[in-house]
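Enquirer: Contents of query.txt (compact mmCIF, C-alpha atoms and all ligand atoms) are below:
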# COMPACT_ATOMS: atom_id res chain seq x y z
CA GLU A 1 0.00 0.00 0.00
CA TYR A 2 3.02 2.33 -0.04
CA GLY A 3 4.55 4.13 -2.96
CA MET A 4 1.16 4.55 -4.59
CA GLU A 5 0.98 8.35 -4.63
CA LYS A 6 -1.04 9.91 -7.41
CA PRO A 7 1.16 10.84 -10.37
CA GLN A 8 0.97 14.62 -10.86
CA GLY A 9 -1.73 15.66 -13.28
CA TYR A 10 -3.21 12.19 -13.66
CA ASN A 11 -6.54 11.62 -11.96
CA VAL A 12 -8.69 8.61 -11.36
CA SER A 13 -12.07 9.19 -9.72
CA PHE A 14 -14.33 6.65 -8.02
CA HIS A 15 -18.05 7.42 -8.04
CA TYR A 16 -20.06 5.39 -5.59
CA ASN A 17 -23.16 5.89 -3.49
CA PRO A 18 -23.23 3.11 -0.86
CA HIS A 19 -27.03 3.19 -0.68
CA VAL A 20 -27.22 1.08 -3.88
CA GLU A 21 -25.92 -2.00 -2.11
CA TYR A 22 -28.95 -2.32 0.19
CA HIS A 23 -31.36 -3.19 -2.62
CA HIS A 24 -32.48 -6.77 -3.26
CA PHE A 25 -33.91 -8.24 -6.46
CA GLY A 26 -35.14 -11.28 -4.50
CA SER A 27 -33.31 -14.21 -2.95
CA SER A 28 -33.25 -16.47 -6.03
CA HIS A 29 -32.36 -13.67 -8.45
CA PRO A 30 -28.75 -13.81 -9.69
CA MET A 31 -28.20 -10.02 -9.59
CA LYS A 32 -26.81 -9.23 -6.14
CA PRO A 33 -26.17 -5.55 -5.41
CA TRP A 34 -24.12 -6.54 -2.32
CA ARG A 35 -21.33 -7.62 -4.70
CA LEU A 36 -20.72 -3.84 -4.67
CA THR A 37 -20.16 -3.96 -0.92
CA LEU A 38 -17.55 -6.67 -1.42
CA THR A 39 -15.90 -4.67 -4.20
CA LYS A 40 -15.69 -1.53 -2.07
CA GLN A 41 -14.32 -3.47 0.91
CA LEU A 42 -11.53 -4.95 -1.24
CA VAL A 43 -10.69 -1.56 -2.76
CA LEU A 44 -10.46 -0.04 0.73
CA ALA A 45 -8.52 -2.96 2.23
CA TYR A 46 -5.83 -2.58 -0.44
CA GLY A 47 -5.63 1.15 0.31
CA LEU A 48 -6.67 2.17 -3.19
CA GLU A 49 -8.83 5.00 -1.85
CA TYR A 50 -5.67 7.06 -1.28
CA THR A 51 -4.83 6.94 -4.98
CA MET A 52 -8.15 8.27 -6.28
CA ASP A 53 -10.69 11.06 -5.80
CA LEU A 54 -13.75 9.60 -4.12
CA TYR A 55 -17.24 10.95 -4.74
CA GLU A 56 -20.64 10.08 -3.32
CA PRO A 57 -22.91 11.24 -6.15
CA ARG A 58 -26.54 12.25 -5.58
CA PRO A 59 -29.29 10.22 -7.23
CA ALA A 60 -30.28 11.29 -10.75
CA SER A 61 -33.55 13.21 -11.02
CA PHE A 62 -36.62 12.23 -13.03
CA ASP A 63 -35.83 14.97 -15.58
CA GLU A 64 -32.24 13.77 -15.96
CA LEU A 65 -33.41 10.23 -16.70
CA ALA A 66 -35.97 11.64 -19.18
CA ILE A 67 -33.10 12.79 -21.42
CA PHE A 68 -33.17 9.21 -22.71
CA HIS A 69 -36.23 7.48 -21.27
CA ASP A 70 -39.91 8.09 -22.03
CA ARG A 71 -41.69 10.01 -19.28
CA GLU A 72 -44.56 7.51 -19.25
CA TYR A 73 -42.13 4.69 -18.54
CA LEU A 74 -40.35 6.70 -15.83
CA THR A 75 -43.68 7.60 -14.22
CA PHE A 76 -44.48 3.89 -14.04
CA LEU A 77 -41.00 3.07 -12.65
CA SER A 78 -41.18 5.78 -10.01
CA ASN A 79 -44.63 4.67 -8.76
CA VAL A 80 -44.59 0.88 -8.94
CA THR A 81 -44.10 -1.09 -5.70
CA PRO A 82 -44.47 -4.77 -4.80
CA LEU A 83 -47.78 -3.84 -3.10
CA ASN A 84 -49.45 -1.77 -5.82
CA MET A 85 -48.26 -3.65 -8.92
CA ASP A 86 -50.82 -5.40 -11.11
CA PRO A 87 -49.29 -8.27 -13.12
CA ASP A 88 -52.32 -8.30 -15.45
CA ASP A 89 -51.95 -4.63 -16.30
CA GLN A 90 -51.03 -4.17 -19.97
CA SER A 91 -48.51 -1.38 -19.30
CA TYR A 92 -46.75 -3.57 -16.70
CA LEU A 93 -46.02 -6.16 -19.40
CA SER A 94 -45.24 -3.67 -22.13
CA PHE A 95 -42.69 -1.94 -19.86
CA GLY A 96 -40.80 -5.24 -19.56
CA PHE A 97 -42.07 -6.49 -16.20
CA GLY A 98 -43.52 -9.86 -15.36
CA GLY A 99 -43.54 -12.46 -18.11
CA GLU A 100 -42.23 -15.97 -17.72
CA SER A 101 -38.66 -15.31 -16.68
CA ASN A 102 -39.29 -12.28 -14.44
CA ASP A 103 -35.79 -11.07 -15.15
CA CYS A 104 -36.84 -7.58 -14.00
CA PRO A 105 -38.77 -7.91 -10.74
CA VAL A 106 -40.43 -5.04 -8.92
CA PHE A 107 -38.70 -4.69 -5.54
CA ASP A 108 -38.75 -2.20 -2.67
CA GLY A 109 -36.75 0.92 -3.44
CA LEU A 110 -36.54 0.20 -7.19
CA TRP A 111 -36.72 3.88 -8.15
CA ASN A 112 -34.09 4.78 -5.58
CA TYR A 113 -31.84 2.01 -6.91
CA VAL A 114 -32.05 3.11 -10.56
CA SER A 115 -31.53 6.80 -9.71
CA LEU A 116 -28.49 5.98 -7.60
CA TYR A 117 -26.59 3.94 -10.20
CA SER A 118 -27.56 6.35 -12.98
CA GLY A 119 -26.59 9.39 -10.94
CA ALA A 120 -23.14 7.85 -10.44
CA SER A 121 -22.57 7.27 -14.18
CA MET A 122 -23.72 10.78 -15.01
CA HIS A 123 -21.46 12.26 -12.35
CA ALA A 124 -18.53 10.22 -13.66
CA ALA A 125 -19.18 11.55 -17.19
CA HIS A 126 -19.41 15.06 -15.75
CA ASN A 127 -15.94 14.69 -14.19
CA LEU A 128 -14.44 13.65 -17.54
CA ILE A 129 -16.11 16.59 -19.30
CA ASN A 130 -14.69 19.04 -16.76
CA HIS A 131 -11.22 17.51 -16.99
CA GLN A 132 -11.30 16.66 -13.32
CA SER A 133 -10.58 13.02 -14.13
CA ASN A 134 -8.73 11.09 -16.81
CA ILE A 135 -10.49 7.92 -15.75
CA ALA A 136 -13.84 7.91 -13.91
CA ILE A 137 -15.16 4.68 -12.39
CA ASN A 138 -18.71 3.61 -11.46
CA TRP A 139 -18.92 -0.09 -10.64
CA SER A 140 -22.64 0.18 -9.81
CA GLY A 141 -23.57 1.09 -13.41
CA GLY A 142 -23.30 -0.64 -16.76
CA LEU A 143 -26.94 -1.71 -17.19
CA HIS A 144 -26.73 -2.10 -20.95
CA HIS A 145 -30.04 -3.84 -21.83
CA ALA A 146 -32.51 -1.12 -20.72
CA LYS A 147 -34.51 0.47 -23.56
CA LYS A 148 -36.06 3.92 -23.58
CA ASN A 149 -39.49 2.56 -22.63
CA GLN A 150 -38.71 -0.96 -21.42
CA ALA A 151 -36.82 -2.83 -18.72
CA SER A 152 -34.83 -5.84 -19.94
CA GLY A 153 -32.33 -8.35 -18.58
CA PHE A 154 -32.00 -6.99 -15.00
CA CYS A 155 -31.70 -3.43 -16.38
CA TYR A 156 -34.37 -0.75 -15.80
CA VAL A 157 -32.62 2.50 -16.67
CA ASN A 158 -29.75 2.71 -19.14
CA ASP A 159 -27.09 4.67 -17.25
CA ILE A 160 -24.62 4.06 -20.10
CA VAL A 161 -26.78 5.80 -22.69
CA LEU A 162 -27.33 8.70 -20.27
CA ALA A 163 -23.59 9.03 -19.61
CA ILE A 164 -22.77 8.90 -23.34
CA GLN A 165 -25.42 11.54 -24.08
CA HIS A 166 -23.70 13.70 -21.48
CA LEU A 167 -20.26 13.13 -23.10
CA LEU A 168 -21.73 14.03 -26.50
CA THR A 169 -22.40 17.56 -25.27
CA VAL A 170 -18.64 18.19 -25.63
CA ASN A 171 -17.21 15.21 -27.57
CA GLN A 172 -17.77 14.75 -31.28
CA ARG A 173 -17.21 10.98 -31.15
CA VAL A 174 -17.62 8.49 -28.29
CA LEU A 175 -16.53 4.85 -28.48
CA TYR A 176 -18.49 2.34 -26.39
CA ILE A 177 -16.84 -1.03 -25.66
CA ASP A 178 -18.64 -3.86 -23.85
CA ILE A 179 -16.89 -6.96 -22.42
CA ASP A 180 -19.91 -8.26 -20.49
CA VAL A 181 -20.69 -11.84 -21.67
CA HIS A 182 -24.05 -10.52 -22.96
CA HIS A 183 -24.64 -8.35 -26.04
CA GLY A 184 -24.90 -4.61 -25.24
CA ASP A 185 -28.12 -4.31 -27.23
CA GLY A 186 -29.70 -1.35 -25.41
CA VAL A 187 -26.72 0.94 -26.00
CA GLU A 188 -26.36 -0.20 -29.61
CA GLN A 189 -30.04 0.45 -30.31
CA ALA A 190 -30.08 3.88 -28.64
CA PHE A 191 -27.35 5.16 -30.96
CA GLU A 192 -28.17 3.24 -34.14
CA SER A 193 -28.92 6.41 -36.08
CA THR A 194 -25.88 8.47 -35.25
CA ASP A 195 -22.26 8.35 -36.38
CA ARG A 196 -21.18 10.11 -33.18
CA VAL A 197 -21.22 6.87 -31.14
CA PHE A 198 -19.54 3.64 -32.18
CA THR A 199 -20.62 0.56 -30.23
CA LEU A 200 -18.41 -2.53 -29.96
CA SER A 201 -19.60 -5.58 -28.00
CA TYR A 202 -17.86 -8.90 -27.32
CA HIS A 203 -20.30 -11.57 -26.14
CA LYS A 204 -21.51 -15.14 -26.19
CA TYR A 205 -23.85 -15.70 -29.13
CA GLY A 206 -25.66 -18.87 -30.08
CA TYR A 207 -28.25 -21.46 -29.15
CA ASP A 208 -28.23 -24.03 -26.39
CA LYS A 209 -29.03 -27.72 -26.88
CA ASN A 210 -32.75 -27.03 -26.40
CA GLY A 211 -32.70 -24.41 -29.13
CA TYR A 212 -32.92 -21.38 -26.82
CA PRO A 213 -30.76 -18.39 -27.72
CA PHE A 214 -28.26 -17.02 -25.22
CA PHE A 215 -29.73 -13.76 -23.91
CA PRO A 216 -30.63 -11.37 -25.56
CA GLY A 217 -30.29 -13.38 -28.78
CA THR A 218 -28.83 -10.54 -30.87
CA GLY A 219 -25.29 -9.49 -31.81
CA ASN A 220 -24.15 -11.68 -34.67
CA ILE A 221 -21.11 -10.49 -36.66
CA THR A 222 -23.44 -9.54 -39.53
CA GLU A 223 -25.30 -7.04 -37.30
CA MET A 224 -23.38 -3.81 -37.74
CA GLY A 225 -26.05 -1.20 -37.32
CA PRO A 226 -28.15 0.16 -40.17
CA THR A 227 -26.78 -0.51 -43.64
CA ASP A 228 -29.06 1.99 -45.33
CA PRO A 229 -26.71 4.64 -46.80
CA SER A 230 -29.12 7.43 -45.78
CA ASN A 231 -28.72 6.41 -42.12
CA ARG A 232 -25.93 8.30 -40.40
CA GLY A 233 -25.32 5.38 -38.07
CA LYS A 234 -24.41 3.08 -40.96
CA GLY A 235 -21.67 0.66 -39.94
CA HIS A 236 -21.18 2.25 -36.50
CA SER A 237 -21.77 -0.96 -34.53
CA LEU A 238 -19.51 -3.97 -34.37
CA ASN A 239 -20.49 -7.25 -32.76
CA ILE A 240 -18.09 -10.05 -31.90
CA PRO A 241 -20.07 -13.28 -31.31
CA LEU A 242 -18.14 -15.92 -29.36
CA GLU A 243 -18.68 -19.53 -28.36
CA ASP A 244 -18.51 -21.20 -24.93
CA GLY A 245 -15.24 -21.50 -23.07
CA ILE A 246 -13.05 -18.85 -24.74
CA ASP A 247 -9.71 -18.66 -22.93
CA ASP A 248 -7.36 -15.87 -21.86
CA GLU A 249 -4.95 -15.90 -24.80
CA GLN A 250 -7.69 -16.04 -27.43
CA TYR A 251 -9.72 -13.26 -25.83
CA LYS A 252 -6.72 -10.98 -25.29
CA TRP A 253 -5.60 -11.39 -28.88
CA LEU A 254 -9.08 -10.78 -30.26
CA PHE A 255 -9.71 -7.78 -28.00
CA LYS A 256 -6.42 -6.08 -28.79
CA THR A 257 -6.62 -6.68 -32.53
CA ILE A 258 -10.22 -5.61 -33.05
CA THR A 259 -10.44 -2.80 -30.49
CA GLY A 260 -7.14 -1.39 -31.74
CA ALA A 261 -8.45 -1.31 -35.31
CA VAL A 262 -11.66 0.44 -34.22
CA VAL A 263 -9.80 3.11 -32.23
CA ASP A 264 -7.42 3.74 -35.15
CA LYS A 265 -10.22 4.10 -37.62
CA TYR A 266 -12.86 5.93 -35.53
CA GLN A 267 -10.54 8.24 -33.54
CA PRO A 268 -12.91 8.72 -30.60
CA ASN A 269 -12.64 11.73 -28.27
CA SER A 270 -13.54 9.59 -25.27
CA ILE A 271 -14.19 5.93 -24.45
CA VAL A 272 -16.79 4.19 -22.28
CA LEU A 273 -15.82 0.65 -21.23
CA GLN A 274 -18.49 -1.64 -19.76
CA CYS A 275 -16.64 -4.23 -17.63
CA GLY A 276 -19.33 -6.86 -16.98
CA ALA A 277 -17.61 -9.55 -14.92
CA ASP A 278 -19.87 -12.37 -16.12
CA SER A 279 -17.27 -13.10 -18.82
CA LEU A 280 -15.06 -14.68 -16.11
CA GLY A 281 -14.61 -18.40 -15.67
CA GLY A 282 -16.90 -19.81 -12.99
CA ASP A 283 -19.62 -17.17 -13.41
CA ARG A 284 -23.11 -18.36 -12.49
CA LEU A 285 -24.61 -17.20 -15.80
CA GLY A 286 -21.63 -16.75 -18.12
CA LYS A 287 -20.05 -19.31 -20.43
CA PHE A 288 -16.51 -18.02 -20.84
CA ASN A 289 -13.32 -19.12 -19.13
CA LEU A 290 -11.46 -15.87 -18.51
CA ASN A 291 -9.17 -15.21 -15.59
CA ILE A 292 -9.20 -11.91 -13.72
CA LYS A 293 -5.96 -10.65 -15.28
CA ALA A 294 -7.19 -11.37 -18.83
CA HIS A 295 -10.34 -9.37 -18.10
CA GLY A 296 -8.14 -6.64 -16.64
CA PHE A 297 -5.96 -6.73 -19.75
CA CYS A 298 -8.88 -5.15 -21.62
CA VAL A 299 -8.93 -2.26 -19.15
CA GLU A 300 -5.17 -1.86 -19.43
CA THR A 301 -5.32 -1.91 -23.22
CA VAL A 302 -8.03 0.77 -23.31
CA LYS A 303 -6.26 2.88 -20.68
CA ASN A 304 -3.18 2.90 -22.90
CA TYR A 305 -5.11 4.66 -25.70
CA GLU A 306 -4.87 7.71 -23.39
CA LYS A 307 -8.37 9.03 -24.01
CA PRO A 308 -10.77 10.22 -21.29
CA LEU A 309 -12.19 6.94 -20.02
CA LEU A 310 -15.42 6.04 -18.24
CA LEU A 311 -15.30 2.59 -16.62
CA ILE A 312 -18.57 1.03 -15.58
CA GLY A 313 -19.64 -2.33 -14.15
CA GLY A 314 -22.40 -4.53 -15.54
CA GLY A 315 -23.12 -8.22 -15.09
CA GLY A 316 -21.21 -10.54 -12.79
CA TYR A 317 -22.95 -13.31 -10.85
CA THR A 318 -20.29 -14.91 -8.68
CA PRO A 319 -19.95 -11.99 -6.25
CA ARG A 320 -16.51 -12.79 -4.80
CA ASN A 321 -15.00 -12.89 -8.29
CA VAL A 322 -16.82 -9.73 -9.35
CA ALA A 323 -15.25 -7.96 -6.36
CA ARG A 324 -11.79 -9.36 -7.14
CA THR A 325 -12.01 -8.31 -10.78
CA TRP A 326 -13.25 -4.78 -10.21
CA CYS A 327 -10.72 -4.25 -7.42
CA HIS A 328 -7.94 -5.43 -9.76
CA GLU A 329 -9.23 -3.14 -12.50
CA THR A 330 -9.36 -0.18 -10.12
CA ALA A 331 -5.68 -0.90 -9.39
CA VAL A 332 -4.92 -1.10 -13.13
CA CYS A 333 -6.38 2.40 -13.52
CA VAL A 334 -4.20 3.93 -10.81
CA GLY A 335 -1.15 1.91 -11.91
CA ALA A 336 -0.83 -0.14 -8.71
CA GLU A 337 0.12 -3.79 -8.35
CA LEU A 338 -1.73 -5.70 -5.66
CA HIS A 339 -0.32 -8.57 -3.62
CA ASN A 340 -2.07 -11.88 -4.18
CA ASN A 341 -2.68 -12.56 -0.48
CA LEU A 342 -5.84 -10.73 0.52
CA PRO A 343 -5.32 -8.10 3.24
CA THR A 344 -5.89 -9.74 6.63
CA HIS A 345 -7.95 -6.81 7.96
CA LEU A 346 -10.55 -7.32 5.24
CA PRO A 347 -14.18 -7.22 6.41
CA TYR A 348 -16.28 -9.98 4.82
CA ILE A 349 -13.09 -12.07 4.43
CA GLN A 350 -15.30 -15.17 4.87
CA ALA A 351 -16.69 -14.47 1.39
CA PHE A 352 -13.20 -15.13 -0.02
CA GLN A 353 -12.37 -18.20 2.03
CA GLY A 354 -13.26 -21.85 1.80
CA GLU A 355 -13.26 -21.94 -1.98
CA GLU A 356 -11.97 -25.06 -3.67
CA ASN A 357 -9.21 -22.97 -5.13
CA GLY A 358 -8.63 -19.30 -4.50
CA GLY A 359 -9.44 -19.13 -0.79
CA GLY A 360 -7.72 -16.08 0.70
CA ILE A 361 -6.18 -14.86 -2.54
CA LEU A 362 -6.98 -12.15 -5.08
CA TYR A 363 -6.10 -14.06 -8.26
CA PRO A 364 -7.50 -17.60 -8.14
CA ASP A 365 -7.22 -19.74 -11.26
CA LEU A 366 -10.74 -19.43 -12.66
CA HIS A 367 -9.90 -21.32 -15.82
CA ASN A 368 -9.52 -24.36 -13.60
CA THR A 369 -13.21 -24.32 -12.78
CA LYS A 370 -13.48 -26.06 -16.19
CA ARG A 371 -17.19 -25.48 -16.49
CA HIS A 372 -17.27 -24.94 -20.22
CA ASP A 373 -15.27 -26.70 -22.90
CA ASN A 374 -13.57 -24.28 -25.26
CA VAL A 375 -15.28 -24.63 -28.62
CA ASN A 376 -13.65 -21.53 -30.15
CA SER A 377 -11.16 -22.75 -32.74
CA GLN A 378 -8.32 -20.48 -33.77
CA ALA A 379 -9.52 -20.75 -37.38
CA LYS A 380 -12.99 -19.44 -36.45
CA LEU A 381 -11.50 -16.59 -34.47
CA GLN A 382 -9.25 -15.64 -37.36
CA LYS A 383 -12.34 -15.55 -39.60
CA LEU A 384 -14.10 -13.33 -37.06
CA VAL A 385 -11.22 -10.86 -37.09
CA THR A 386 -11.22 -10.75 -40.87
CA HIS A 387 -14.98 -10.22 -40.94
CA ALA A 388 -14.77 -7.53 -38.23
CA LEU A 389 -12.10 -5.59 -40.10
CA GLU A 390 -14.22 -5.80 -43.26
CA ASN A 391 -17.22 -4.44 -41.35
CA LEU A 392 -15.17 -1.39 -40.40
CA ARG A 393 -15.02 -0.40 -44.05
CA TYR A 394 -18.79 0.29 -44.01
CA MET A 395 -18.21 3.23 -41.70
CA GLU A 396 -17.53 6.39 -43.67
CA GLY A 397 -14.05 7.79 -42.97
O1 LIG B 401 -25.39 -9.18 -17.28
O2 LIG B 401 -31.71 -18.07 -15.08
O3 LIG B 401 -32.59 -15.70 -20.66
C1 LIG B 401 -26.18 -6.94 -17.49
C2 LIG B 401 -26.34 -8.39 -17.93
O4 LIG B 401 -26.01 -8.42 -19.29
C3 LIG B 401 -33.34 -14.87 -20.20
N1 LIG B 401 -32.93 -13.88 -19.40
C4 LIG B 401 -34.79 -14.97 -20.46
C5 LIG B 401 -35.35 -14.90 -21.79
C6 LIG B 401 -36.07 -16.22 -21.43
N2 LIG B 401 -35.18 -16.38 -20.36
C7 LIG B 401 -35.45 -16.83 -19.00
C8 LIG B 401 -34.58 -18.01 -18.66
C9 LIG B 401 -34.19 -18.09 -17.18
C10 LIG B 401 -33.04 -19.05 -16.89
C11 LIG B 401 -32.58 -19.11 -15.44
C12 LIG B 401 -32.17 -17.17 -14.22
C13 LIG B 401 -32.62 -17.51 -12.93
C14 LIG B 401 -33.24 -16.57 -12.15
C15 LIG B 401 -33.37 -15.31 -12.65
C16 LIG B 401 -32.86 -14.97 -13.91
C17 LIG B 401 -32.21 -15.90 -14.66
C18 LIG B 401 -31.61 -15.60 -15.94
N3 LIG B 401 -32.14 -14.74 -16.80
C19 LIG B 401 -30.43 -16.03 -16.53
N4 LIG B 401 -30.28 -15.41 -17.73
C20 LIG B 401 -31.33 -14.62 -17.85
C21 LIG B 401 -31.57 -13.74 -19.00
C22 LIG B 401 -31.23 -12.30 -18.68
C23 LIG B 401 -29.77 -12.07 -18.53
C24 LIG B 401 -29.48 -10.63 -18.17
C25 LIG B 401 -28.00 -10.31 -18.15
C26 LIG B 401 -27.75 -8.91 -17.65
C27 LIG B 401 -26.46 -6.65 -16.06
CA CA B 402 -20.70 -7.67 -24.33
ZN ZN B 403 -24.15 -9.89 -18.69
Is it possible to express this structure as structure tokens?
Ligand code: ZLV
Ligand code: CA
Ligand code: ZN

Expert:
Amino acid sequence: EYGMEKPQGYNVSFHYNPHVEYHHFGSSHPMKPWRLTLTKQLVLAYGLEYTMDLYEPRPASFDELAIFHDREYLTFLSNVTPLNMDPDDQSYLSFGFGGESNDCPVFDGLWNYVSLYSGASMHAAHNLINHQSNIAINWSGGLHHAKKNQASGFCYVNDIVLAIQHLLTVNQRVLYIDIDVHHGDGVEQAFESTDRVFTLSYHKYGYDKNGYPFFPGTGNITEMGPTDPSNRGKGHSLNIPLEDGIDDEQYKWLFKTITGAVVDKYQPNSIVLQCGADSLGGDRLGKFNLNIKAHGFCVETVKNYEKPLLLIGGGGYTPRNVARTWCHETAVCVGAELHNNLPTHLPYIQAFQGEENGGGILYPDLHNTKRHDNVNSQAKLQKLVTHALENLRYMEG
């Protein structure tokens, strides 16, 4: 924890309102806001708070959320409670609630929850705009599936779209990169008709043995935004569909090659990186086999482009590994190396003990969980890269 003073003129800011962590989606729901408590405790135990500016942002207001979302939808969101909801109500279903899977439950404090994580992303964007930070971090955000009038896939309000809209007030071009195991469909859709945002998502794509698509079922390599030449957003999306079990070396190579080409060609003024931790090995919902340092390699790679950078969270359903990853990535941002043995004065240390492998350490071997066979052949990946680079030609210089 010593020798980690802030380099002069280089600022990382951490935007976090601890009230988010007290919200519950329900006991059997995989999204656990208390993974944010674990993340914060790790960050503090390693002393990383001394290397960053810490902020406790206020919740976003109704009017701020209405910059992207429909007012009707927000009115519904701000009023619905577990006691007054009516599952047979047509608007309830059309706004993305209920249904068979109940991915987006109504829970106590829902409106407070969405305004807190969105307020943090907007404040982080604000800090980049005002040159108060080079990198601004909000691990509570990254809810990439939310649509302007519909909740989807655990996401009710799209804090990413709101933050990008904020960046667009001063930046001509914003690059959005998404390493969550799911396709960043909500962000892609929100900016499909503009050339001022380029969206790039890496994700699992395909069907399971029962013929069900991996959520949300979009994001094939052929989907690159509108192709209609009259649409300004033509070619400004790139999707990288991957198969189960992709490993560290493959992912790092793919990420560096494709992201590097996009940055070279698009020349963004700022970058937003969604760091969903469900792309790690051993995730409860994910299908990939990444280790924490391979995930962090993406953050390091993007940091090295030296553009104003907004880092946000996203998915991640094995809480102890989410916390490890986002703590590691916070350290990557400030340029610190962390010792593998977890600090002994760590609250909640029980959460990191008693694992088959990885008890008491920051960097367990997650590849060893061997939950998914790697069915990504090098030949297929090479084809993907070729196809991706071809897609980039559809974007007008
Ligand atoms: O990480 O799993 O697959 C950002 C994010 O990207 C579905 N929803 C829907 C469509 C039909 N299915 C339901 C299948 C449920 C399978 C069992 C769950 C168990 C309890 C609660 C939810 C799930 C679940 N739901 C697993 N995967 C889904 C996806 C939504 C994934 C959202 C990812 C969000 C935060
Ligand atoms: Ca993704
Ligand atoms: Zn996800």

Enquirer: Please report as JSON lines every residue of chain A lying within 6 Å of ligand CA 402 (chain B), along with the nearest atom pair and their distance in Å (one decimal), using only C-alpha atoms and all ligand atoms.

Expert:
{"residue": "A:Asp178", "atom": "CA", "partner": "B:CA402", "partner_atom": "CA", "distance": 4.4}
{"residue": "A:Ile179", "atom": "CA", "partner": "B:CA402", "partner_atom": "CA", "distance": 4.3}
{"residue": "A:Asp180", "atom": "CA", "partner": "B:CA402", "partner_atom": "CA", "distance": 4.0}
{"residue": "A:Val181", "atom": "CA", "partner": "B:CA402", "partner_atom": "CA", "distance": 4.9}
{"residue": "A:His182", "atom": "CA", "partner": "B:CA402", "partner_atom": "CA", "distance": 4.6}
{"residue": "A:His183", "atom": "CA", "partner": "B:CA402", "partner_atom": "CA", "distance": 4.3}
{"residue": "A:Gly184", "atom": "CA", "partner": "B:CA402", "partner_atom": "CA", "distance": 5.3}
{"residue": "A:Ser201", "atom": "CA", "partner": "B:CA402", "partner_atom": "CA", "distance": 4.4}
{"residue": "A:Tyr202", "atom": "CA", "partner": "B:CA402", "partner_atom": "CA", "distance": 4.3}
{"residue": "A:His203", "atom": "CA", "partner": "B:CA402", "partner_atom": "CA", "distance": 4.3}

Enquirer: Find, counting all atoms listed in the file, the residue in A:Gln382, A:Asn149, A:Gln41, A:Ser121 that gets nearest to Phe97 of chain A.

Expert: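 Comparing A:Gln382, A:Asn149, A:Gln41, A:Ser121 against Phe97 of chain A, the winner is A:Asn149.
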
Enquirer: Hey, what's within 9 Å of segment 327-341 of chain A if we count only C-alpha atoms and toss same-chain stuff fewer than 6 positions away? As an MDAnalysis selection string, please?

Expert: chainID A and resid 1 3:4 6:7 10:12 14 39:40 42:43 46 48 51:52 135 137 292:293 295:297 299:300 303 360:364

Enquirer: Give me the chain A side of the contact with ligand ZN 403 (chain B), cut-off 12 Å, one line per residue showing its nearest atom pair and distance in Å at one decimal, counting only C-alpha atoms and all ligand atoms, sorted by chain and residue number, as a Markdown table.

Expert:
| residue | atom | partner | partner_atom | distance |
| --- | --- | --- | --- | --- |
| A:Pro30 | CA | B:ZN403 | ZN | 10.8 |
| A:Met31 | CA | B:ZN403 | ZN | 10.0 |
| A:Gly142 | CA | B:ZN403 | ZN | 9.5 |
| A:Leu143 | CA | B:ZN403 | ZN | 8.8 |
| A:His144 | CA | B:ZN403 | ZN | 8.5 |
| A:His145 | CA | B:ZN403 | ZN | 9.0 |
| A:Ser152 | CA | B:ZN403 | ZN | 11.5 |
| A:Gly153 | CA | B:ZN403 | ZN | 8.3 |
| A:Phe154 | CA | B:ZN403 | ZN | 9.1 |
| A:Cys155 | CA | B:ZN403 | ZN | 10.2 |
| A:Asp178 | CA | B:ZN403 | ZN | 9.7 |
| A:Ile179 | CA | B:ZN403 | ZN | 8.7 |
| A:Asp180 | CA | B:ZN403 | ZN | 4.9 |
| A:Val181 | CA | B:ZN403 | ZN | 5.0 |
| A:His182 | CA | B:ZN403 | ZN | 4.3 |
| A:His183 | CA | B:ZN403 | ZN | 7.5 |
| A:Gly184 | CA | B:ZN403 | ZN | 8.4 |
| A:Asp185 | CA | B:ZN403 | ZN | 10.9 |
| A:Ser201 | CA | B:ZN403 | ZN | 11.2 |
| A:Tyr202 | CA | B:ZN403 | ZN | 10.7 |
| A:His203 | CA | B:ZN403 | ZN | 8.6 |
| A:Lys204 | CA | B:ZN403 | ZN | 9.5 |
| A:Tyr205 | CA | B:ZN403 | ZN | 12.0 |
| A:Phe214 | CA | B:ZN403 | ZN | 10.5 |
| A:Phe215 | CA | B:ZN403 | ZN | 8.6 |
| A:Pro216 | CA | B:ZN403 | ZN | 9.6 |
| A:Gln274 | CA | B:ZN403 | ZN | 10.1 |
| A:Cys275 | CA | B:ZN403 | ZN | 9.5 |
| A:Gly276 | CA | B:ZN403 | ZN | 5.9 |
| A:Ala277 | CA | B:ZN403 | ZN | 7.6 |
| A:Asp278 | CA | B:ZN403 | ZN | 5.6 |
| A:Ser279 | CA | B:ZN403 | ZN | 7.6 |
| A:Leu280 | CA | B:ZN403 | ZN | 10.6 |
| A:Asp283 | CA | B:ZN403 | ZN | 10.1 |
| A:Arg284 | CA | B:ZN403 | ZN | 10.5 |
| A:Leu285 | CA | B:ZN403 | ZN | 7.9 |
| A:Gly286 | CA | B:ZN403 | ZN | 7.3 |
| A:Lys287 | CA | B:ZN403 | ZN | 10.4 |
| A:Phe288 | CA | B:ZN403 | ZN | 11.4 |
| A:Gly313 | CA | B:ZN403 | ZN | 9.9 |
| A:Gly314 | CA | B:ZN403 | ZN | 6.5 |
| A:Gly315 | CA | B:ZN403 | ZN | 4.1 |
| A:Gly316 | CA | B:ZN403 | ZN | 6.6 |
| A:Tyr317 | CA | B:ZN403 | ZN | 8.6 |
| A:Thr318 | CA | B:ZN403 | ZN | 11.8 |
| A:Val322 | CA | B:ZN403 | ZN | 11.9 |

Enquirer: For a test of reading the model, state the distance in Å between atom CA of Phe95 of chain A and atom C14 of ligand LIG 401 (chain B), rounded to one decimal.

Expert: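 Between these atoms lies a distance of 19.0 Å.
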